[in-house]
$ cat target_31.csv   # CSV, C-alpha atoms and all ligand atoms
chain,number,residue,atom,x,y,z
C,1,MET,CA,11.3,16.9,-23.4
C,2,THR,CA,9.5,13.6,-22.9
C,3,ARG,CA,6.7,12.9,-25.3
C,4,VAL,CA,3.8,10.7,-23.9
C,5,ILE,CA,2.0,8.7,-26.6
C,6,GLN,CA,-1.5,7.3,-25.8
C,7,LEU,CA,-2.5,4.2,-27.6
C,8,PRO,CA,-5.4,1.7,-27.2
C,9,SER,CA,-4.4,-1.3,-25.0
C,10,ASP,CA,-6.3,-4.0,-26.8
C,11,GLN,CA,-5.0,-4.0,-30.3
C,12,THR,CA,-3.1,-6.6,-32.4
C,13,LYS,CA,0.6,-6.6,-33.3
C,14,THR,CA,-0.3,-5.7,-36.9
C,15,TYR,CA,-2.3,-2.7,-35.7
C,16,TYR,CA,0.6,-1.4,-33.7
C,17,GLN,CA,3.1,-2.1,-36.5
C,18,GLN,CA,1.1,0.2,-38.8
C,19,ASN,CA,0.5,2.9,-36.2
C,20,GLU,CA,2.5,6.0,-37.0
C,21,GLU,CA,3.3,6.7,-33.3
C,22,VAL,CA,4.8,3.3,-33.0
C,23,ILE,CA,6.8,3.8,-36.2
C,24,HIS,CA,8.0,7.2,-34.8
C,25,ALA,CA,9.0,5.5,-31.5
C,26,ALA,CA,10.9,2.9,-33.4
C,27,GLU,CA,12.8,5.7,-35.3
C,28,VAL,CA,13.7,7.3,-32.0
C,29,LEU,CA,15.1,4.0,-30.7
C,30,VAL,CA,17.1,3.4,-33.9
C,31,SER,CA,18.6,6.9,-33.8
C,32,GLY,CA,19.8,6.3,-30.2
C,33,GLY,CA,16.9,7.6,-28.1
C,34,LEU,CA,15.2,6.2,-25.0
C,35,VAL,CA,11.6,4.9,-25.3
C,36,ALA,CA,9.5,3.5,-22.4
C,37,PHE,CA,7.0,0.8,-23.6
C,38,PRO,CA,4.7,-1.7,-22.0
C,39,THR,CA,5.5,-5.4,-21.9
C,40,GLU,CA,3.3,-8.2,-20.4
C,41,THR,CA,5.3,-7.9,-17.1
C,42,VAL,CA,6.2,-4.3,-16.4
C,43,TYR,CA,7.0,-1.2,-18.5
C,44,GLY,CA,10.5,-1.3,-19.9
C,45,LEU,CA,13.0,1.5,-20.7
C,46,GLY,CA,14.3,0.7,-24.1
C,47,ALA,CA,17.4,1.6,-26.1
C,48,ASP,CA,19.2,0.0,-29.1
C,49,ALA,CA,21.3,-2.7,-27.5
C,50,THR,CA,24.0,-2.3,-30.1
C,51,ASN,CA,24.5,1.4,-29.3
C,52,GLU,CA,26.8,2.0,-26.3
C,53,ASP,CA,25.8,5.7,-25.9
C,54,ALA,CA,22.1,5.0,-26.0
C,55,VAL,CA,22.5,2.2,-23.4
C,56,ALA,CA,24.6,4.5,-21.3
C,57,GLY,CA,21.5,6.8,-21.3
C,58,ILE,CA,19.4,4.1,-19.7
C,59,PHE,CA,21.8,3.9,-16.7
C,60,THR,CA,21.9,7.7,-16.3
C,61,ALA,CA,18.1,8.1,-16.6
C,62,LYS,CA,17.4,5.3,-14.0
C,63,GLY,CA,20.4,6.1,-11.7
C,64,ARG,CA,21.3,2.4,-12.1
C,65,PRO,CA,24.7,1.0,-11.0
C,66,SER,CA,26.7,0.2,-14.2
C,67,ASP,CA,27.6,-3.3,-12.9
C,68,ASN,CA,23.9,-4.5,-13.2
C,69,PRO,CA,23.4,-6.0,-16.7
C,70,LEU,CA,20.4,-5.3,-18.8
C,71,ILE,CA,18.0,-7.7,-20.5
C,72,VAL,CA,18.0,-7.8,-24.3
C,73,HIS,CA,14.6,-8.1,-25.9
C,74,LEU,CA,14.1,-9.8,-29.3
C,75,ALA,CA,11.1,-10.1,-31.6
C,76,ASN,CA,11.1,-13.9,-31.8
C,77,VAL,CA,13.0,-17.1,-30.8
C,78,ALA,CA,14.6,-17.4,-34.3
C,79,GLN,CA,16.6,-14.2,-33.6
C,80,VAL,CA,18.2,-15.6,-30.4
C,81,GLU,CA,21.0,-17.5,-32.2
C,82,LYS,CA,22.2,-14.3,-33.8
C,83,TRP,CA,23.3,-13.0,-30.4
C,84,VAL,CA,24.4,-16.1,-28.5
C,85,THR,CA,27.1,-18.7,-29.2
C,86,ASN,CA,25.0,-21.7,-28.3
C,87,ILE,CA,21.5,-22.6,-27.3
C,88,PRO,CA,21.7,-25.8,-25.1
C,89,PRO,CA,18.8,-28.3,-25.6
C,90,LEU,CA,17.5,-27.3,-22.2
C,91,ALA,CA,17.2,-23.7,-23.3
C,92,GLN,CA,15.5,-24.7,-26.5
C,93,LYS,CA,13.0,-26.7,-24.6
C,94,LEU,CA,12.2,-23.9,-22.3
C,95,MET,CA,11.9,-21.4,-25.2
C,96,ALA,CA,9.5,-23.7,-27.0
C,97,HIS,CA,7.3,-23.7,-23.9
C,98,PHE,CA,7.5,-20.3,-22.5
C,99,SER,CA,8.6,-17.8,-25.2
C,100,PRO,CA,7.2,-15.3,-26.0
C,101,GLY,CA,6.5,-14.9,-22.3
C,102,PRO,CA,7.6,-13.6,-19.0
C,103,ILE,CA,11.0,-15.4,-18.9
C,104,THR,CA,14.6,-14.3,-19.5
C,105,TYR,CA,17.3,-16.8,-20.4
C,106,ILE,CA,21.0,-16.2,-19.4
C,107,LEU,CA,23.1,-17.5,-22.3
C,108,PRO,CA,26.7,-16.9,-23.5
C,109,HIS,CA,26.7,-14.0,-25.9
C,110,ARG,CA,28.7,-13.9,-29.2
C,111,GLY,CA,29.5,-10.2,-29.2
C,112,GLY,CA,27.9,-7.4,-31.3
C,113,LEU,CA,26.0,-6.0,-28.3
C,114,ALA,CA,27.2,-2.9,-26.6
C,115,ASP,CA,29.6,-3.8,-23.7
C,116,ASN,CA,27.6,-1.9,-21.1
C,117,VAL,CA,24.5,-4.0,-21.8
C,118,THR,CA,26.2,-7.1,-20.3
C,119,ALA,CA,28.2,-5.1,-17.8
C,120,GLY,CA,31.3,-6.9,-19.2
C,121,LEU,CA,30.0,-10.4,-18.5
C,122,ASP,CA,30.3,-13.3,-20.9
C,123,THR,CA,26.6,-13.9,-20.7
C,124,VAL,CA,23.5,-12.0,-21.7
C,125,GLY,CA,19.9,-12.1,-20.6
C,126,ILE,CA,17.6,-12.7,-23.6
C,127,ARG,CA,13.8,-12.3,-23.5
C,128,ILE,CA,11.0,-12.4,-26.1
C,129,PRO,CA,8.1,-10.4,-24.5
C,130,ASP,CA,4.5,-11.5,-24.9
C,131,HIS,CA,3.0,-8.1,-25.7
C,132,PRO,CA,1.7,-7.1,-29.1
C,133,LEU,CA,3.0,-3.5,-28.8
C,134,ALA,CA,6.4,-4.5,-27.5
C,135,LEU,CA,6.7,-7.1,-30.3
C,136,ALA,CA,5.6,-4.5,-32.9
C,137,LEU,CA,8.2,-2.0,-31.7
C,138,LEU,CA,10.9,-4.7,-31.9
C,139,GLU,CA,9.9,-5.7,-35.4
C,140,VAL,CA,9.6,-2.1,-36.7
C,141,ALA,CA,12.9,-1.0,-35.1
C,142,ASN,CA,14.6,-4.2,-36.2
C,143,VAL,CA,17.3,-3.9,-33.5
C,144,PRO,CA,17.7,-5.8,-30.2
C,145,ILE,CA,16.3,-3.6,-27.5
C,146,ALA,CA,18.0,-3.4,-24.1
C,147,ALA,CA,15.4,-2.7,-21.5
C,148,PRO,CA,15.4,-2.7,-17.7
C,149,SER,CA,12.2,-1.8,-15.9
C,150,ALA,CA,11.3,1.8,-16.5
C,151,ASN,CA,11.6,3.0,-12.9
C,152,LEU,CA,14.1,5.0,-11.0
C,153,SER,CA,16.6,2.6,-9.6
C,154,GLY,CA,15.3,1.3,-6.2
C,155,ARG,CA,11.7,2.3,-6.8
C,156,PRO,CA,9.0,-0.3,-7.5
C,157,SER,CA,8.8,-1.3,-11.1
C,158,PRO,CA,6.2,0.5,-13.2
C,159,THR,CA,3.0,-1.3,-14.2
C,160,THR,CA,1.3,1.8,-15.6
C,161,ALA,CA,2.6,4.6,-17.9
C,162,GLN,CA,1.8,7.0,-15.0
C,163,HIS,CA,4.4,5.3,-12.9
C,164,VAL,CA,6.9,5.9,-15.7
C,165,VAL,CA,5.8,9.5,-16.0
C,166,ASP,CA,6.3,9.9,-12.2
C,167,ASP,CA,9.8,8.5,-12.3
C,168,LEU,CA,11.3,9.5,-15.7
C,169,THR,CA,9.7,12.6,-17.1
C,170,GLY,CA,12.3,14.9,-18.6
C,171,GLU,CA,14.9,12.1,-18.6
C,172,ILE,CA,13.8,10.1,-21.7
C,173,ASN,CA,12.4,10.8,-25.2
C,174,VAL,CA,9.1,8.9,-25.4
C,175,ILE,CA,6.7,7.1,-23.1
C,176,ILE,CA,4.2,4.8,-24.9
C,177,ASP,CA,1.0,4.5,-22.8
C,178,ALA,CA,-1.0,1.4,-23.7
C,179,GLY,CA,-2.6,0.6,-20.4
C,180,SER,CA,-1.5,-1.3,-17.3
C,181,THR,CA,0.7,-4.3,-17.7
C,182,HIS,CA,-0.9,-7.7,-17.3
C,183,VAL,CA,1.5,-9.8,-15.1
C,184,GLY,CA,2.7,-7.1,-12.8
C,185,VAL,CA,6.0,-8.7,-11.6
C,186,GLU,CA,9.1,-8.9,-13.8
C,187,SER,CA,10.1,-11.9,-15.9
C,188,THR,CA,11.6,-15.0,-14.4
C,189,VAL,CA,15.4,-15.0,-14.9
C,190,ILE,CA,16.9,-18.4,-15.5
C,191,ASP,CA,20.5,-19.3,-16.1
C,192,VAL,CA,20.5,-22.0,-18.8
C,193,THR,CA,24.3,-22.1,-19.5
C,194,GLY,CA,24.8,-25.4,-17.5
C,195,ASP,CA,23.2,-28.8,-17.3
C,196,ILE,CA,20.7,-27.8,-14.7
C,197,PRO,CA,18.9,-24.5,-15.0
C,198,ILE,CA,19.4,-22.1,-12.1
C,199,LEU,CA,16.5,-19.8,-11.1
C,200,LEU,CA,18.0,-16.4,-10.5
C,201,ARG,CA,14.8,-14.3,-10.1
C,202,PRO,CA,11.3,-15.7,-9.7
C,203,GLY,CA,8.8,-13.9,-11.9
C,204,GLY,CA,5.9,-14.4,-14.3
C,205,VAL,CA,6.7,-18.0,-15.1
C,206,THR,CA,6.5,-20.1,-11.9
C,207,LEU,CA,9.0,-22.5,-10.6
C,208,GLU,CA,6.4,-25.3,-10.7
C,209,ALA,CA,5.8,-24.5,-14.4
C,210,LEU,CA,9.6,-24.7,-15.1
C,211,GLN,CA,9.9,-28.0,-13.2
C,212,ALA,CA,7.0,-29.5,-15.1
C,213,VAL,CA,9.0,-28.9,-18.4
C,214,VAL,CA,12.6,-29.6,-17.4
C,215,GLY,CA,12.4,-31.5,-14.1
C,216,GLU,CA,15.1,-30.3,-11.8
C,217,VAL,CA,15.6,-26.6,-11.3
C,218,GLN,CA,18.3,-25.3,-9.0
C,219,ILE,CA,17.4,-22.2,-6.9
C,220,ASP,CA,20.1,-19.6,-6.6
C,221,SER,CA,21.3,-19.3,-3.0
C,222,GLY,CA,20.6,-15.6,-3.0
C,223,LEU,CA,16.9,-16.4,-3.1
C,224,THR,CA,16.7,-18.6,0.0
C,225,GLU,CA,19.5,-17.2,2.2
C,226,LYS,CA,18.4,-14.8,4.9
C,227,PRO,CA,20.0,-11.5,4.2
C,228,ARG,CA,23.1,-11.1,6.3
C,229,SER,CA,22.6,-7.4,6.7
C,230,PRO,CA,19.1,-6.2,6.0
C,231,GLY,CA,19.2,-3.2,3.7
C,232,MET,CA,22.5,-4.2,2.2
C,233,LYS,CA,21.4,-7.0,0.0
C,234,TYR,CA,17.9,-5.8,-0.6
C,235,ARG,CA,17.6,-2.3,-1.7
C,236,HIS,CA,14.9,-2.7,-4.4
C,237,TYR,CA,11.2,-1.9,-4.7
C,238,ALA,CA,11.3,0.0,-1.4
C,239,PRO,CA,8.6,2.4,-0.5
C,240,LYS,CA,9.8,5.5,1.4
C,241,ALA,CA,8.3,4.4,4.8
C,242,GLU,CA,9.8,1.6,6.9
C,243,MET,CA,8.2,-1.7,5.8
C,244,TRP,CA,7.8,-5.0,7.6
C,245,LEU,CA,6.6,-8.3,6.1
C,246,VAL,CA,4.4,-10.1,8.6
C,247,THR,CA,4.3,-13.9,8.4
C,248,GLY,CA,2.8,-16.8,10.3
C,249,ASP,CA,-0.7,-18.2,11.0
C,250,ASP,CA,-1.2,-15.3,13.4
C,251,MET,CA,-0.3,-12.7,10.8
C,252,VAL,CA,-3.5,-10.8,11.2
C,253,GLU,CA,-3.3,-10.7,15.0
C,254,LYS,CA,0.3,-9.6,14.8
C,255,ILE,CA,-0.6,-6.7,12.5
C,256,GLN,CA,-3.6,-5.7,14.7
C,257,TYR,CA,-1.3,-5.8,17.8
C,258,ILE,CA,1.6,-3.8,16.2
C,259,SER,CA,-0.7,-1.1,14.7
C,260,ARG,CA,-2.2,-0.6,18.2
C,261,GLU,CA,1.3,0.0,19.6
C,262,LYS,CA,2.1,2.6,16.9
C,263,ILE,CA,0.1,5.4,18.6
C,264,GLY,CA,0.3,8.7,16.7
C,265,LYS,CA,1.8,7.1,13.6
C,266,ARG,CA,0.3,6.7,10.2
C,267,VAL,CA,0.4,3.0,9.7
C,268,GLY,CA,-0.3,1.5,6.3
C,269,VAL,CA,-1.4,-2.1,5.9
C,270,LEU,CA,-1.0,-4.0,2.7
C,271,THR,CA,-3.9,-6.3,2.9
C,272,THR,CA,-6.3,-8.5,0.9
C,273,VAL,CA,-10.1,-8.7,0.3
C,274,GLU,CA,-10.3,-11.5,2.9
C,275,ASN,CA,-8.7,-9.5,5.7
C,276,GLN,CA,-9.3,-5.8,5.0
C,277,GLU,CA,-12.1,-5.4,7.5
C,278,LYS,CA,-10.0,-6.8,10.3
C,279,TYR,CA,-7.9,-3.7,11.0
C,280,GLU,CA,-8.8,-0.5,12.8
C,281,GLY,CA,-7.1,2.9,12.9
C,282,VAL,CA,-4.8,2.1,10.0
C,283,ILE,CA,-4.7,3.0,6.3
C,284,THR,CA,-5.4,-0.2,4.4
C,285,VAL,CA,-4.6,-0.8,0.7
C,286,VAL,CA,-6.1,-3.9,-0.8
C,287,CYS,CA,-3.9,-5.8,-3.3
C,288,GLY,CA,-6.6,-8.3,-4.3
C,289,SER,CA,-8.1,-11.6,-3.2
C,290,ARG,CA,-5.9,-14.4,-1.8
C,291,LYS,CA,-7.7,-16.8,-4.1
C,292,GLU,CA,-6.3,-14.9,-7.1
C,293,PRO,CA,-2.5,-14.8,-7.1
C,294,THR,CA,-2.5,-13.2,-10.6
C,295,THR,CA,-4.5,-10.2,-9.3
C,296,ILE,CA,-2.2,-9.8,-6.3
C,297,ALA,CA,0.8,-9.8,-8.6
C,298,HIS,CA,-0.9,-7.4,-11.0
C,299,HIS,CA,-1.6,-4.8,-8.3
C,300,LEU,CA,1.6,-5.3,-6.2
C,301,TYR,CA,3.8,-2.4,-7.4
C,302,ASP,CA,0.9,0.1,-7.7
C,303,VAL,CA,0.0,-0.7,-4.1
C,304,LEU,CA,3.6,-0.1,-2.9
C,305,ARG,CA,3.7,3.2,-4.8
C,306,GLN,CA,0.3,4.2,-3.2
C,307,PHE,CA,1.9,4.0,0.2
C,308,ASP,CA,4.3,6.8,-0.8
C,309,GLN,CA,1.4,9.0,-1.9
C,310,LEU,CA,-0.5,8.2,1.3
C,311,ASP,CA,2.5,9.5,3.2
C,312,VAL,CA,2.4,6.7,5.8
C,313,ASP,CA,5.2,6.4,8.5
C,314,PHE,CA,5.2,2.6,8.7
C,315,ILE,CA,4.0,-0.2,6.5
C,316,LEU,CA,2.9,-3.7,7.6
C,317,ALA,CA,2.5,-6.1,4.7
C,318,GLU,CA,0.5,-9.4,4.8
C,319,SER,CA,2.4,-12.4,3.5
C,320,PHE,CA,1.5,-15.2,1.1
C,321,PRO,CA,2.3,-18.9,0.8
C,322,GLN,CA,5.7,-19.5,-0.8
C,323,GLU,CA,4.3,-21.3,-4.0
C,324,GLY,CA,3.3,-20.5,-7.5
C,325,LEU,CA,3.2,-16.8,-8.4
C,326,TYR,CA,3.1,-16.0,-4.7
C,327,PHE,CA,6.8,-17.1,-4.6
C,328,SER,CA,7.6,-14.2,-6.9
C,329,VAL,CA,5.3,-11.8,-5.0
C,330,MET,CA,7.0,-12.8,-1.7
C,331,ASN,CA,10.4,-12.2,-3.2
C,332,ARG,CA,9.4,-8.7,-4.1
C,333,LEU,CA,7.7,-8.0,-0.8
C,334,MET,CA,10.9,-9.2,1.0
C,335,LYS,CA,13.0,-6.8,-1.0
C,336,ALA,CA,10.6,-4.0,-0.4
C,337,ALA,CA,10.8,-4.7,3.3
C,338,GLU,CA,14.7,-4.8,2.9
C,339,GLY,CA,14.6,-8.2,4.5
C,340,LYS,CA,12.6,-7.2,7.6
C,341,VAL,CA,10.3,-10.0,8.5
C,342,MET,CA,8.3,-10.6,11.7
C,401,LIG,O1,10.1,-8.4,-17.0
C,401,LIG,C1,11.2,-8.0,-17.2
C,401,LIG,O2,12.2,-8.7,-17.1
C,401,LIG,C2,11.4,-6.4,-17.4
C,401,LIG,C3,10.8,-6.1,-18.7
C,401,LIG,C4,11.0,-4.6,-19.1
C,401,LIG,O3,11.3,-6.9,-19.7
C,401,LIG,N1,12.8,-6.1,-17.3
C,401,LIG,C5,13.5,-6.1,-16.1
C,401,LIG,O4,14.8,-5.7,-16.3
C,401,LIG,O5,13.0,-6.5,-15.1
C,401,LIG,P1,15.7,-5.3,-15.0
C,401,LIG,O6,16.9,-4.7,-15.6
C,401,LIG,O7,14.9,-4.5,-14.1
C,401,LIG,O8,16.1,-6.7,-14.4
C,401,LIG,C6,17.0,-7.5,-15.1
C,401,LIG,C7,17.5,-8.6,-14.2
C,401,LIG,C8,18.5,-8.0,-13.1
C,401,LIG,O9,18.3,-8.6,-11.9
C,401,LIG,C9,19.8,-8.4,-13.7
C,401,LIG,O10,20.8,-8.4,-12.7
C,401,LIG,C10,19.6,-9.7,-14.4
C,401,LIG,O11,18.3,-9.6,-14.9
C,401,LIG,N2,20.5,-10.0,-15.4
C,401,LIG,C11,20.6,-9.4,-16.6
C,401,LIG,N3,21.7,-9.9,-17.3
C,401,LIG,C12,22.2,-10.9,-16.6
C,401,LIG,C13,23.3,-11.8,-16.7
C,401,LIG,N4,24.0,-11.8,-17.8
C,401,LIG,N5,23.6,-12.7,-15.7
C,401,LIG,C14,22.8,-12.7,-14.6
C,401,LIG,N6,21.8,-11.8,-14.4
C,401,LIG,C15,21.5,-11.0,-15.4
C,402,MG,MG,14.2,-3.5,-12.4
$ encode --input "target_31.csv" --output "structure tokens" --more "lines below"
Ligand code: TXA
Ligand code: MG
Amino acid sequence: MTRVIQLPSDQTKTYYQQNEEVIHAAEVLVSGGLVAFPTETVYGLGADATNEDAVAGIFTAKGRPSDNPLIVHLANVAQVEKWVTNIPPLAQKLMAHFSPGPITYILPHRGGLADNVTAGLDTVGIRIPDHPLALALLEVANVPIAAPSANLSGRPSPTTAQHVVDDLTGEINVIIDAGSTHVGVESTVIDVTGDIPILLRPGGVTLEALQAVVGEVQIDSGLTEKPRSPGMKYRHYAPKAEMWLVTGDDMVEKIQYISREKIGKRVGVLTTVENQEKYEGVITVVCGSRKEPTTIAHHLYDVLRQFDQLDVDFILAESFPQEGLYFSVMNRLMKAAEGKVM
């Protein structure tokens, strides 16, 4: 049985800490249960990161491959040193600027976490979320919380409690509904174990913002390489229908042309306020205005999930300039399209 708890979305950490539903959810976590909760990025599926059986439950509920390590969430920066052997100056600098916030640091762990959290690696991903409810839950439970995104493996990450309900009802103990998440894409994952930070996953904190603080940031080759075999490397966030990411200055014309060719098919177009009127005979879903990258990121996963409900046969997605938050949006669109770009 999954219990769904409804809470107001706009309260302070103190309010949530004193709320009996939050206290109950914290007890569920401490006793080895699974609790889905909002963060500023996406909903997370939490378990006590020191409890191997509880963490195993996360992998089972999501259908997640066991070699994919989980992020450990902590209540504040001061707790980080309890779980890692060393916080290089570079990491300290980044933490001072961006945490709490949508960023995850890869650091060498010191043991004490369940082995399945780190998938046997020497490193662990640490994140202090910037969400009053997530922070309240962490403080009341007083354990590190391992939490991947609360979706079924391969589906778009959940940005509303309804997305979690759709994917995980019956599989987990509690879902805390406190409204839609603010950022909409996951945290930026950055390896800070060496002299130069390596960006492993672009997310809520932009590359430009990182560079402004630490200067040079290396970009993991996995982010820039063209996938050798589409569908092999990118199996995430994928809607059910075949999806293509359409690029170039003639993006709109290309989408118009291809949708005319697809006679008898239900074609879905992921579009923007600026372009939505330009297509005919297709099912358009608007993600926001091109002038507001934050709005596009906020709606992205909900839009991808809508295409499943609209039962389209084929999806054509508009693309965005590879900069700022759009760099993260493009990374997710590329994965959703399993690397198929035209
Ligand atoms: O915004 C977020 O980060 C959300 C919320 C719930 O906090 N969580 C999230 O978790 O997106 P997940 O499990 O969906 O993504 C975690 C990413 C994966 O790509 C994983 O491979 C990577 O972080 N990761 C975790 N530990 C790692 C490590 N030790 N080394 C390299 N990558 C790691
Ligand atoms: Mg995920």
$ closest_residue --input "target_31.csv" --among "C:Lys13, C:His24, C:Lys265, C:Arg332" --to "ligand LIG 401 (chain C)" --atoms "only C-alpha atoms and all ligand atoms"
C:Arg332
$ closest_residue --input "target_31.csv" --among "C:Asn275, C:Gln211, C:Thr206, C:Gln79" --to "Leu325 (chain C)" --atoms "all atoms listed in the file"
C:Thr206
$ closest_atom_pairs --input "target_31.csv" --of "chain C" --to "ligand LIG 401 (chain C)" --cutoff "7 Å" --atoms "only C-alpha atoms and all ligand atoms" --output "Markdown table"
| residue | atom | partner | partner_atom | distance |
| --- | --- | --- | --- | --- |
| C:Thr39 | CA | C:LIG401 | C4 | 6.2 |
| C:Thr41 | CA | C:LIG401 | O1 | 4.8 |
| C:Val42 | CA | C:LIG401 | C3 | 5.4 |
| C:Tyr43 | CA | C:LIG401 | C4 | 5.3 |
| C:Gly44 | CA | C:LIG401 | C4 | 3.4 |
| C:Leu45 | CA | C:LIG401 | C4 | 6.6 |
| C:Asn68 | CA | C:LIG401 | O10 | 5.0 |
| C:Pro69 | CA | C:LIG401 | N3 | 4.3 |
| C:Leu70 | CA | C:LIG401 | C11 | 4.7 |
| C:Ile71 | CA | C:LIG401 | C11 | 5.0 |
| C:Pro102 | CA | C:LIG401 | O1 | 6.1 |
| C:Thr104 | CA | C:LIG401 | O2 | 6.5 |
| C:Ile106 | CA | C:LIG401 | N4 | 5.6 |
| C:Thr118 | CA | C:LIG401 | N4 | 5.8 |
| C:Leu121 | CA | C:LIG401 | N4 | 6.2 |
| C:Thr123 | CA | C:LIG401 | N4 | 4.4 |
| C:Val124 | CA | C:LIG401 | N4 | 3.9 |
| C:Gly125 | CA | C:LIG401 | N3 | 4.4 |
| C:Pro129 | CA | C:LIG401 | O3 | 6.7 |
| C:Ala147 | CA | C:LIG401 | C4 | 5.4 |
| C:Pro148 | CA | C:LIG401 | O6 | 3.3 |
| C:Ser149 | CA | C:LIG401 | O7 | 4.2 |
| C:Ala150 | CA | C:LIG401 | C4 | 6.9 |
| C:Val185 | CA | C:LIG401 | O1 | 6.8 |
| C:Glu186 | CA | C:LIG401 | O1 | 3.4 |
| C:Ser187 | CA | C:LIG401 | O1 | 3.7 |
| C:Thr188 | CA | C:LIG401 | O2 | 6.9 |
| C:Val189 | CA | C:LIG401 | O11 | 6.1 |
| C:Arg201 | CA | C:LIG401 | O9 | 6.9 |
$ atom_distance --input "target_31.csv" --atom1 "CA of Pro8 (chain C)" --atom2 "CA of Ala178 (chain C)"
5.6 Å
$ residues_around --input "target_31.csv" --residues "Leu207 (chain C)" --least-positions-apart "2" --cutoff "12 Å" --atoms "all atoms listed in the file" --output "ChimeraX atom specification"
/C:103,187-190,197-205,209-219,322-328
